[in-house]
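Undergrad: target_3.txt is reproduced below (compact mmCIF, C-alpha atoms).
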# COMPACT_ATOMS: atom_id res chain seq x y z
CA MET A 1 97.73 87.85 71.66
CA TRP A 2 98.96 90.24 74.36
CA ARG A 3 102.73 90.50 74.66
CA LEU A 4 104.18 90.76 78.17
CA LEU A 5 107.55 92.48 78.60
CA GLN A 6 109.11 90.89 81.67
CA PHE A 7 112.13 89.09 83.14
CA PRO A 8 112.34 85.99 85.38
CA LEU A 9 113.30 87.67 88.67
CA CYS A 10 110.95 90.68 88.38
CA PRO A 11 108.42 90.15 91.22
CA PHE A 12 105.79 92.32 89.54
CA SER A 13 106.12 90.34 86.30
CA ARG A 14 105.61 87.17 88.35
CA LYS A 15 102.53 88.68 89.96
CA VAL A 16 101.02 89.52 86.57
CA ARG A 17 101.93 86.12 85.08
CA PHE A 18 100.41 84.21 88.01
CA MET A 19 97.29 86.42 87.84
CA LEU A 20 96.87 85.98 84.08
CA ALA A 21 97.37 82.22 84.34
CA ALA A 22 94.71 82.05 87.09
CA LYS A 23 92.37 83.96 84.76
CA GLY A 24 93.16 81.66 81.83
CA VAL A 25 94.67 84.49 79.75
CA THR A 26 97.64 83.40 77.65
CA VAL A 27 100.31 85.92 76.70
CA GLU A 28 103.48 85.92 74.64
CA LEU A 29 106.48 86.45 76.91
CA VAL A 30 109.12 88.96 75.82
CA ARG A 31 112.21 89.06 77.97
CA VAL A 32 113.65 92.51 78.67
CA LEU A 33 116.14 93.69 81.27
CA PRO A 34 115.05 97.16 82.50
CA TRP A 35 118.57 98.29 83.51
CA ASP A 36 119.63 98.00 79.84
CA LYS A 37 116.86 100.55 79.07
CA PRO A 38 115.70 98.68 75.94
CA ALA A 39 114.01 100.99 73.41
CA GLU A 40 110.76 99.02 73.23
CA LEU A 41 110.29 99.06 77.01
CA MET A 42 111.03 102.79 77.27
CA ALA A 43 108.60 103.54 74.42
CA LEU A 44 105.78 101.53 76.00
CA ASN A 45 106.40 102.61 79.60
CA PRO A 46 108.19 105.92 80.29
CA ALA A 47 108.75 104.70 83.86
CA GLY A 48 111.18 102.16 82.34
CA GLN A 49 109.82 99.33 84.50
CA THR A 50 108.58 95.82 83.87
CA PRO A 51 105.94 94.46 83.47
CA VAL A 52 104.23 96.05 80.48
CA LEU A 53 101.49 94.44 78.41
CA GLU A 54 101.13 95.41 74.76
CA LEU A 55 98.51 94.65 72.11
CA ASP A 56 98.36 96.41 68.73
CA GLY A 57 100.22 99.44 70.08
CA THR A 58 98.09 99.77 73.24
CA ALA A 59 100.21 99.43 76.36
CA ILE A 60 99.19 98.80 79.95
CA ALA A 61 101.95 99.48 82.44
CA ASN A 62 102.19 98.98 86.20
CA SER A 63 101.30 95.63 87.73
CA ALA A 64 98.39 97.03 89.78
CA ALA A 65 96.84 98.65 86.69
CA ILE A 66 97.31 95.40 84.72
CA CYS A 67 95.71 93.27 87.46
CA ASP A 68 92.74 95.64 87.84
CA TYR A 69 92.30 95.72 84.05
CA PHE A 70 92.00 91.94 83.78
CA GLU A 71 89.89 91.66 86.93
CA GLU A 72 87.45 94.08 85.24
CA THR A 73 87.49 92.56 81.76
CA VAL A 74 87.81 88.80 82.45
CA SER A 75 85.12 87.47 84.78
CA ARG A 76 86.63 83.98 85.14
CA THR A 77 88.21 83.28 88.56
CA PRO A 78 87.48 86.51 90.48
CA LEU A 79 90.58 87.50 92.43
CA LEU A 80 89.25 90.62 94.11
CA ALA A 81 85.90 89.39 95.37
CA GLY A 82 83.57 89.91 98.29
CA THR A 83 82.17 93.00 100.02
CA PRO A 84 83.83 96.41 99.60
CA GLU A 85 85.41 95.87 103.05
CA GLU A 86 86.79 92.47 101.99
CA ARG A 87 88.10 93.96 98.75
CA ALA A 88 89.80 96.74 100.75
CA GLU A 89 91.52 94.08 102.88
CA THR A 90 92.73 92.27 99.75
CA ARG A 91 94.05 95.58 98.38
CA ARG A 92 95.75 96.47 101.68
CA LEU A 93 97.66 93.18 101.72
CA THR A 94 98.45 93.34 98.01
CA ALA A 95 99.97 96.80 98.60
CA TRP A 96 101.79 95.42 101.67
CA PHE A 97 103.69 92.90 99.52
CA ASP A 98 103.99 95.14 96.43
CA GLN A 99 105.44 98.01 98.42
CA LYS A 100 106.60 97.15 101.94
CA PHE A 101 107.93 93.62 101.42
CA TYR A 102 109.36 94.70 98.06
CA ALA A 103 111.23 97.71 99.54
CA GLU A 104 112.48 95.95 102.68
CA VAL A 105 113.29 92.48 101.32
CA THR A 106 113.11 92.06 97.53
CA VAL A 107 114.97 95.25 96.54
CA PRO A 108 118.05 94.63 98.73
CA LEU A 109 118.18 90.96 97.66
CA LEU A 110 117.92 91.83 93.95
CA SER A 111 120.51 94.55 94.38
CA GLU A 112 123.02 92.55 96.44
CA ARG A 113 122.58 89.04 95.03
CA MET A 114 121.50 89.62 91.41
CA TYR A 115 122.61 93.04 90.15
CA LYS A 116 125.99 93.14 91.91
CA ARG A 117 126.81 89.57 90.91
CA LEU A 118 125.68 89.58 87.29
CA TYR A 119 126.37 93.19 86.30
CA LEU A 120 128.74 94.96 88.64
CA ARG A 121 130.81 91.82 89.43
CA GLN A 122 130.99 92.97 93.04
CA PRO A 123 130.54 91.00 96.26
CA PRO A 124 127.27 91.62 98.15
CA ASP A 125 127.12 93.96 101.15
CA GLY A 126 126.74 91.70 104.20
CA THR A 127 125.05 94.39 106.29
CA ALA A 128 122.36 94.98 103.67
CA LEU A 129 121.76 91.21 103.41
CA ARG A 130 121.45 90.82 107.18
CA GLN A 131 118.94 93.69 107.33
CA ALA A 132 116.92 92.12 104.50
CA SER A 133 117.01 88.78 106.29
CA ARG A 134 115.72 90.32 109.55
CA ALA A 135 112.99 92.17 107.65
CA ALA A 136 111.98 88.94 105.87
CA GLU A 137 111.63 87.19 109.23
CA VAL A 138 109.20 89.89 110.45
CA HIS A 139 107.17 89.64 107.25
CA VAL A 140 106.91 85.84 107.39
CA ASP A 141 105.90 86.09 111.06
CA TYR A 142 103.06 88.37 109.96
CA LEU A 143 102.14 85.92 107.20
CA ASP A 144 102.00 83.13 109.82
CA TRP A 145 99.78 85.30 112.03
CA LEU A 146 97.34 85.96 109.17
CA LEU A 147 97.29 82.31 108.05
CA GLU A 148 96.54 81.09 111.58
CA ARG A 149 93.30 83.09 111.31
CA ARG A 150 92.36 82.72 107.65
CA ARG A 151 92.43 80.03 104.98
CA TRP A 152 93.99 82.40 102.45
CA LEU A 153 95.85 85.63 102.97
CA SER A 154 92.98 88.09 102.86
CA GLY A 155 90.12 85.79 103.85
CA ALA A 156 88.28 82.62 102.89
CA ALA A 157 89.05 82.79 99.16
CA PHE A 158 92.28 82.63 97.17
CA GLY A 159 92.88 86.03 95.60
CA LEU A 160 95.16 88.84 94.55
CA ALA A 161 96.86 89.17 97.94
CA ASP A 162 98.03 85.53 97.73
CA ILE A 163 99.32 86.17 94.22
CA ALA A 164 101.18 89.37 95.20
CA ALA A 165 102.71 87.65 98.24
CA ALA A 166 103.75 84.53 96.28
CA ALA A 167 105.39 86.73 93.63
CA GLN A 168 107.57 88.60 96.14
CA LEU A 169 108.32 85.55 98.32
CA SER A 170 109.32 83.40 95.35
CA VAL A 171 111.90 85.96 94.21
CA ALA A 172 113.23 86.30 97.76
CA ASP A 173 113.39 82.48 98.00
CA TYR A 174 115.24 82.23 94.67
CA LEU A 175 117.84 84.61 96.12
CA SER A 176 118.21 82.55 99.36
CA GLY A 177 116.55 85.31 101.39
CA LEU A 178 113.94 83.24 103.24
CA GLN A 179 114.18 80.91 106.21
CA TRP A 180 111.16 78.57 106.33
CA ASP A 181 111.99 76.73 109.58
CA GLY A 182 109.53 77.59 112.34
CA HIS A 183 106.99 79.03 109.91
CA GLU A 184 104.59 76.14 109.42
CA PRO A 185 101.46 78.17 108.46
CA SER A 186 103.39 80.03 105.77
CA ARG A 187 105.12 76.85 104.59
CA ILE A 188 101.83 74.97 104.16
CA TRP A 189 100.27 77.92 102.31
CA TYR A 190 103.30 78.35 100.02
CA SER A 191 103.53 74.61 99.33
CA ALA A 192 99.88 74.67 98.18
CA LEU A 193 100.67 77.55 95.82
CA LYS A 194 103.81 75.86 94.49
CA SER A 195 101.75 72.86 93.41
CA ARG A 196 99.32 74.97 91.33
CA PRO A 197 99.68 74.55 87.55
CA THR A 198 99.16 78.31 87.25
CA PHE A 199 102.22 79.10 89.39
CA ARG A 200 104.47 76.08 88.98
CA PRO A 201 105.89 76.97 85.52
CA LEU A 202 107.37 80.19 86.92
CA LEU A 203 109.47 78.17 89.34
CA GLY A 204 111.12 76.30 86.46
CA GLU A 205 112.72 79.42 85.02
CA ARG A 206 116.26 80.47 85.73
CA MET A 207 118.36 83.61 85.53
CA GLU A 208 121.60 82.56 83.81
CA GLY A 209 124.63 82.52 86.08
CA LEU A 210 122.47 82.71 89.18
CA PRO A 211 121.13 79.32 90.30
CA PRO A 212 118.51 79.19 93.09
CA PRO A 213 119.00 77.07 96.24
CA ASP A 214 118.09 73.36 96.01
CA HIS A 215 114.79 73.69 97.89
CA TYR A 216 113.52 76.52 95.65
CA ASP A 217 111.20 74.59 93.33
CA LYS A 218 110.53 71.58 95.60
CA LEU A 219 107.09 71.04 97.12
CA ASP A 220 108.73 69.60 100.21
CA PHE A 221 111.06 72.31 101.48
CA MET B 222 81.60 109.53 111.04
CA TRP B 223 84.81 107.97 109.70
CA ARG B 224 87.98 109.03 111.51
CA LEU B 225 91.08 109.62 109.39
CA LEU B 226 94.48 109.17 111.04
CA GLN B 227 96.82 111.53 109.16
CA PHE B 228 99.33 114.38 109.38
CA PRO B 229 99.67 117.58 107.31
CA LEU B 230 102.75 116.66 105.25
CA CYS B 231 101.79 113.03 104.52
CA PRO B 232 101.21 112.96 100.73
CA PHE B 233 98.98 109.88 100.94
CA SER B 234 96.81 111.51 103.63
CA ARG B 235 96.47 114.52 101.30
CA LYS B 236 95.48 112.23 98.44
CA VAL B 237 92.75 110.59 100.55
CA ARG B 238 91.51 113.92 101.95
CA PHE B 239 91.29 115.50 98.48
CA MET B 240 89.53 112.37 97.16
CA LEU B 241 87.01 112.25 100.01
CA ALA B 242 86.28 115.98 99.68
CA ALA B 243 85.66 115.53 95.93
CA LYS B 244 83.24 112.71 96.80
CA GLY B 245 81.50 114.83 99.44
CA VAL B 246 82.49 112.47 102.28
CA THR B 247 83.28 114.27 105.54
CA VAL B 248 85.67 112.70 108.03
CA GLU B 249 86.99 113.55 111.46
CA LEU B 250 90.72 114.29 111.24
CA VAL B 251 93.00 112.73 113.85
CA ARG B 252 96.58 113.91 113.73
CA VAL B 253 99.23 111.22 114.29
CA LEU B 254 102.96 111.22 113.58
CA PRO B 255 103.94 107.73 112.32
CA TRP B 256 107.58 107.99 113.50
CA ASP B 257 106.31 108.21 117.11
CA LYS B 258 104.62 104.82 116.50
CA PRO B 259 101.40 105.84 118.31
CA ALA B 260 99.51 102.87 119.73
CA GLU B 261 96.23 103.60 117.92
CA LEU B 262 97.94 103.79 114.51
CA MET B 263 99.90 100.57 115.10
CA ALA B 264 96.74 98.76 116.22
CA LEU B 265 94.74 99.85 113.18
CA ASN B 266 97.55 99.42 110.62
CA PRO B 267 100.40 97.00 111.36
CA ALA B 268 102.35 98.71 108.55
CA GLY B 269 102.55 101.74 110.87
CA GLN B 270 101.73 104.15 108.04
CA THR B 271 99.24 106.96 107.55
CA PRO B 272 96.54 107.31 106.29
CA VAL B 273 94.13 104.92 108.03
CA LEU B 274 90.36 105.30 108.11
CA GLU B 275 88.44 103.89 111.06
CA LEU B 276 84.72 103.47 111.78
CA ASP B 277 83.36 101.42 114.70
CA GLY B 278 86.56 99.36 114.89
CA THR B 279 86.73 98.62 111.14
CA ALA B 280 89.94 99.98 109.65
CA ILE B 281 90.88 100.59 106.03
CA ALA B 282 94.58 101.16 105.52
CA ASN B 283 96.65 102.08 102.47
CA SER B 284 95.66 105.08 100.35
CA ALA B 285 94.99 103.01 97.21
CA ALA B 286 92.68 100.65 99.12
CA ILE B 287 90.88 103.64 100.68
CA CYS B 288 90.40 105.39 97.32
CA ASP B 289 89.12 102.21 95.64
CA TYR B 290 86.75 101.59 98.55
CA PHE B 291 85.11 105.01 98.24
CA GLU B 292 85.10 104.88 94.45
CA GLU B 293 83.11 101.62 94.77
CA THR B 294 80.75 102.70 97.54
CA VAL B 295 80.09 106.41 96.75
CA SER B 296 78.83 106.98 93.22
CA ARG B 297 79.03 110.80 93.37
CA THR B 298 81.87 112.33 91.29
CA PRO B 299 83.42 109.25 89.64
CA LEU B 300 87.20 109.58 89.80
CA LEU B 301 88.14 106.37 88.01
CA ALA B 302 85.82 106.54 85.01
CA GLY B 303 85.79 105.55 81.35
CA THR B 304 86.67 102.37 79.48
CA PRO B 305 88.87 99.69 81.07
CA GLU B 306 91.77 101.09 79.00
CA GLU B 307 91.13 104.64 80.27
CA ARG B 308 90.88 103.35 83.84
CA ALA B 309 94.19 101.51 83.38
CA GLU B 310 95.80 104.79 82.26
CA THR B 311 94.42 106.58 85.34
CA ARG B 312 95.81 103.79 87.51
CA ARG B 313 99.21 103.86 85.79
CA LEU B 314 99.59 107.58 86.46
CA THR B 315 98.25 107.32 89.99
CA ALA B 316 100.90 104.67 90.68
CA TRP B 317 103.51 106.89 88.96
CA PHE B 318 102.95 109.66 91.52
CA ASP B 319 102.26 107.35 94.49
CA GLN B 320 105.42 105.34 93.91
CA LYS B 321 107.93 106.89 91.51
CA PHE B 322 107.50 110.60 92.31
CA TYR B 323 107.16 109.72 96.00
CA ALA B 324 110.40 107.69 96.08
CA GLU B 325 112.48 110.07 93.95
CA VAL B 326 111.21 113.46 95.17
CA THR B 327 108.88 113.41 98.20
CA VAL B 328 110.84 110.94 100.36
CA PRO B 329 114.18 112.79 100.15
CA LEU B 330 112.48 116.15 100.73
CA LEU B 331 110.57 114.85 103.77
CA SER B 332 113.71 113.23 105.09
CA GLU B 333 116.09 116.16 104.55
CA ARG B 334 113.82 119.16 105.11
CA MET B 335 111.22 117.88 107.59
CA TYR B 336 112.53 114.92 109.60
CA LYS B 337 116.12 116.15 109.99
CA ARG B 338 115.00 119.67 110.90
CA LEU B 339 112.18 118.88 113.30
CA TYR B 340 113.39 115.64 114.87
CA LEU B 341 117.08 115.01 114.35
CA ARG B 342 118.04 118.72 114.53
CA GLN B 343 120.54 118.08 111.74
CA PRO B 344 121.26 120.12 108.61
CA PRO B 345 119.98 118.64 105.33
CA ASP B 346 122.28 116.72 102.97
CA GLY B 347 122.88 119.02 99.98
CA THR B 348 123.60 116.15 97.59
CA ALA B 349 120.30 114.42 98.39
CA LEU B 350 118.42 117.71 97.90
CA ARG B 351 120.10 118.36 94.54
CA GLN B 352 119.21 114.84 93.35
CA ALA B 353 115.60 115.34 94.45
CA SER B 354 115.51 118.68 92.66
CA ARG B 355 116.80 117.15 89.41
CA ALA B 356 114.29 114.30 89.70
CA ALA B 357 111.46 116.80 90.31
CA GLU B 358 112.42 118.67 87.13
CA VAL B 359 112.12 115.45 85.09
CA HIS B 360 108.73 114.67 86.62
CA VAL B 361 107.33 118.17 85.98
CA ASP B 362 108.63 117.96 82.39
CA TYR B 363 106.61 114.76 82.00
CA LEU B 364 103.57 116.45 83.56
CA ASP B 365 103.94 119.30 81.02
CA TRP B 366 104.17 116.75 78.20
CA LEU B 367 100.96 115.02 79.33
CA LEU B 368 99.09 118.30 79.85
CA GLU B 369 100.00 119.56 76.38
CA ARG B 370 98.05 116.56 75.05
CA ARG B 371 95.21 116.21 77.58
CA ARG B 372 92.92 118.48 79.56
CA TRP B 373 93.54 116.53 82.75
CA LEU B 374 96.34 114.19 83.66
CA SER B 375 94.91 110.90 82.44
CA GLY B 376 92.44 112.20 79.84
CA ALA B 377 89.44 114.46 79.31
CA ALA B 378 88.07 114.17 82.85
CA PHE B 379 89.44 115.19 86.25
CA GLY B 380 90.19 112.06 88.23
CA LEU B 381 92.32 110.07 90.64
CA ALA B 382 95.58 110.69 88.77
CA ASP B 383 95.15 114.46 89.20
CA ILE B 384 94.47 113.94 92.90
CA ALA B 385 97.50 111.68 93.41
CA ALA B 386 99.76 114.11 91.54
CA ALA B 387 98.45 117.18 93.41
CA ALA B 388 99.02 115.40 96.72
CA GLN B 389 102.68 114.65 96.01
CA LEU B 390 103.41 117.97 94.28
CA SER B 391 101.86 120.02 97.08
CA VAL B 392 104.08 118.36 99.69
CA ALA B 393 107.15 118.87 97.48
CA ASP B 394 106.12 122.52 96.97
CA TYR B 395 105.67 123.04 100.72
CA LEU B 396 109.25 121.82 101.17
CA SER B 397 110.60 124.20 98.46
CA GLY B 398 111.33 121.29 96.16
CA LEU B 399 109.64 122.52 92.96
CA GLN B 400 110.64 125.10 90.39
CA TRP B 401 107.60 126.28 88.40
CA ASP B 402 109.37 128.63 85.95
CA GLY B 403 109.26 127.27 82.41
CA HIS B 404 106.46 124.80 83.23
CA GLU B 405 103.38 126.66 82.03
CA PRO B 406 101.13 123.62 81.34
CA SER B 407 101.78 122.25 84.83
CA ARG B 408 101.41 125.69 86.41
CA ILE B 409 98.01 126.30 84.80
CA TRP B 410 96.81 122.83 85.81
CA TYR B 411 98.05 123.20 89.40
CA SER B 412 96.58 126.70 89.72
CA ALA B 413 93.18 125.31 88.71
CA LEU B 414 93.48 122.62 91.41
CA LYS B 415 94.62 125.14 94.04
CA SER B 416 91.42 127.14 93.52
CA ARG B 417 89.14 124.13 94.15
CA PRO B 418 87.23 124.26 97.47
CA THR B 419 87.93 120.53 97.81
CA PHE B 420 91.71 121.05 97.77
CA ARG B 421 92.23 124.59 99.01
CA PRO B 422 91.72 123.88 102.77
CA LEU B 423 94.72 121.50 102.71
CA LEU B 424 96.98 124.36 101.64
CA GLY B 425 96.06 126.37 104.74
CA GLU B 426 97.55 123.82 107.13
CA ARG B 427 101.02 124.12 108.58
CA MET B 428 103.58 121.86 110.20
CA GLU B 429 104.80 123.74 113.29
CA GLY B 430 108.36 125.04 113.02
CA LEU B 431 108.42 124.44 109.28
CA PRO B 432 106.85 127.29 107.27
CA PRO B 433 106.31 126.82 103.51
CA PRO B 434 107.67 129.29 100.93
CA ASP B 435 105.59 132.43 100.25
CA HIS B 436 104.18 131.21 96.91
CA TYR B 437 102.95 127.91 98.37
CA ASP B 438 99.25 128.71 98.89
CA LYS B 439 98.95 131.52 96.32
CA LEU B 440 96.94 131.02 93.13
CA ASP B 441 99.41 133.23 91.26
CA PHE B 442 102.80 131.61 91.77
What's the structure tokens form of this structure?
TA:
Amino acid sequence: MWRLLQFPLCPFSRKVRFMLAAKGVTVELVRVLPWDKPAELMALNPAGQTPVLELDGTAIANSAAICDYFEETVSRTPLLAGTPEERAETRRLTAWFDQKFYAEVTVPLLSERMYKRLYLRQPPDGTALRQASRAAEVHVDYLDWLLERRRWLSGAAFGLADIAAAAQLSVADYLSGLQWDGHEPSRIWYSALKSRPTFRPLLGERMEGLPPPDHYDKLDF
Amino acid sequence: MWRLLQFPLCPFSRKVRFMLAAKGVTVELVRVLPWDKPAELMALNPAGQTPVLELDGTAIANSAAICDYFEETVSRTPLLAGTPEERAETRRLTAWFDQKFYAEVTVPLLSERMYKRLYLRQPPDGTALRQASRAAEVHVDYLDWLLERRRWLSGAAFGLADIAAAAQLSVADYLSGLQWDGHEPSRIWYSALKSRPTFRPLLGERMEGLPPPDHYDKLDF
């Protein structure tokens, strides 16, 4: 069985776990904290980042490479389907959440609300949190705009863009970085994802010493 | 003909241009500067980033989505070839240069040596430049390590990882951010790329008011 090196609040680990569950691929979870630079993680991925998949010494690192690998090798539940143009749209939106949402929202929240609290024992920087909150509002507005025009994020079918977005949003939501009021299209979409047996188990996990807000794992939020 | 919205020092535009040239796809170049937020760029890509390809109102944004699109639709010169495991390695290294090298080396160089000079009319921050220089040294050491074991970056065949790396390195080199002494494997590899007719034209372009160092477009550097 593949082993997945990951930790509960890593958005890219969540993306890979949701993707693998949708594909019906089971993996053994191995918890590692990248900032401790654990030897096994560094040996399998010189970038020092989670997630990494490992099987009999073969490693696949980087969440995009992992997702493409399983999309190519496991035909069940295509997540990057359609015409080349539709696939390009799925990839554009996947990159949007992997890179833009991550940099503008997830990174400052993880830094201010997780790393400073659990490791540096410092208070968060209010300015950084307000900037992240404003950026999150713009992103969820864009999500609303897309979902007013499409059933799923990149078109008519559930796919990798929904998975990438849910991974980033769920970490931001755990860290009290999202405001759902006034965002009905996004709320309906996210509630549908939360009820999926392929995503729901992720919402039951906790980072010790850092509880999520009450609404975090509720379907009615 | 496809139109490509890009500018000379955008590493992701260089990646797409090198990739399209290797595939034999010709495009019309349209120069846009993302920080001016030009209306056409914003309309075609809400992320406000270059590169974007446009044909008859259809836009493809994000360099990874563009490269995958042409890899799927143009069979000439496969750039993401081999087994699923080999393709995953090409994707891991492509992401390494697109994300890690970009964040640690290209972004600070563009910020300190291009944006501050041409737009803010401010001197660069020496500390940021020294950090970028140290990071570049670590990356080129890793490139040496790979090239001592492989003919090309991700294996026996030239491919997307070489293109992504050349795109980032060439921008860093334009901005005097690389030190080639003591890096023979990387130097030999980069010299071979510089001599390719698919890459060489890029090295002839200049950003006004910001000349590159003398060695920048020379094959013997």
Undergrad: Using all atoms listed in the file, find the residues of chain A whose closest atom to chain B is at most 6 Å away, then write them as a VMD selection string.
TA: chain A and resid 62 65 88 91 to 92
Undergrad: May I have the residues from that selection written out with C-alpha atoms, as a PDB file, in the coordinates of the input?
TA:
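Written out: again.pdb:
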ATOM      1  CA  ASN A  62     102.190  98.980  86.200  1.00  0.00           C
ATOM      2  CA  ALA A  65      96.840  98.650  86.690  1.00  0.00           C
ATOM      3  CA  ALA A  88      89.800  96.740 100.750  1.00  0.00           C
ATOM      4  CA  ARG A  91      94.050  95.580  98.380  1.00  0.00           C
ATOM      5  CA  ARG A  92      95.750  96.470 101.680  1.00  0.00           C
TER       6      ARG A  92
END
Undergrad: Determine, counting only C-alpha atoms, every residue of protein, DNA or RNA that lies within 9 Å of (99.3, 87.7, 87.8) in the file coordinates, then give the result as a list in words.
TA: Phe12, Ser13, Arg14, Lys15, Val16, Arg17, Phe18, Met19, Leu20, Ala21, Ala22, Lys23, Ser63, Ile66, Cys67, Leu160, Ile163, Ala164 and Ala167 of chain A
Undergrad: When you count only C-alpha atoms, which of these residues is closest to A:Leu53: A:Asp98, A:Phe199, A:Leu5, A:Asp36?
TA: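 Using only C-alpha atoms, the shortest distance to A:Leu53 belongs to A:Leu5.
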Undergrad: Under the rule that only C-alpha atoms are counted, which of A:Ser170, A:Ser195, A:Gln179, A:Thr77 is the nearest residue to A:Tyr102?
TA: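 Nearest to A:Tyr102: A:Ser170.
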Undergrad: Pick the closest to A:Ala157 from A:Gly82, A:Trp145, A:Pro51, A:Arg134: which is it, counting only C-alpha atoms?
TA: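 Of A:Gly82, A:Trp145, A:Pro51, A:Arg134, the one nearest A:Ala157 is A:Gly82, counting only C-alpha atoms.
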Undergrad: Could you tell me, as an NGL selection string, which residues have any atom at most 10 Å from (120.8, 78.4, 99.3), counting only C-alpha atoms?
TA: :A and (173-179 or 211-216)
Undergrad: One decimal, in Å: what's the spacing between atom CA of A:His139 and atom CA of A:Lys116?
TA: 24.5 Å
Undergrad: So which one's closest to B:Leu367, B:Ala264, B:Leu431, B:Ala353, B:Ala382? Using all atoms listed in the file, please.
TA: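 Answer, going by the shortest atom-to-atom distance: B:Ala382.
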Undergrad: Counting all atoms listed in the file, which residue out of B:Leu364, B:Val273, B:Leu374, B:Leu331 sits closest to B:Glu405?
TA: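 Closest to B:Glu405, using all atoms listed in the file: B:Leu364.
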Undergrad: Kindly give the distance, in Å, that separates atom CA of B:Leu330 and atom CA of B:Leu350, rounded to a single decimal.
TA: 6.8 Å
Undergrad: Which distance in Å separates atom CA of B:Pro259 and atom CA of B:Pro229, to one decimal?
TA: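 Value for the atom CA of B:Pro259-atom CA of B:Pro229 distance: 16.2 Å.
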Undergrad: Give me the residues near A:Tyr119 as JSON, numbers by chain, where near means some atom within 12 Å (using all atoms listed in the file) and where sequence neighbours in that chain fewer than 6 positions away do not count.
TA: {"A": [33, 35, 36, 110, 111, 112, 113, 208, 209, 210]}
Undergrad: Quick one: of A:Thr127, A:Thr106, A:Ser133, A:Thr198, who's nearest to A:Ala165, counting all atoms listed in the file?
TA: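 Comparing A:Thr127, A:Thr106, A:Ser133, A:Thr198 against A:Ala165, the winner is A:Thr106.
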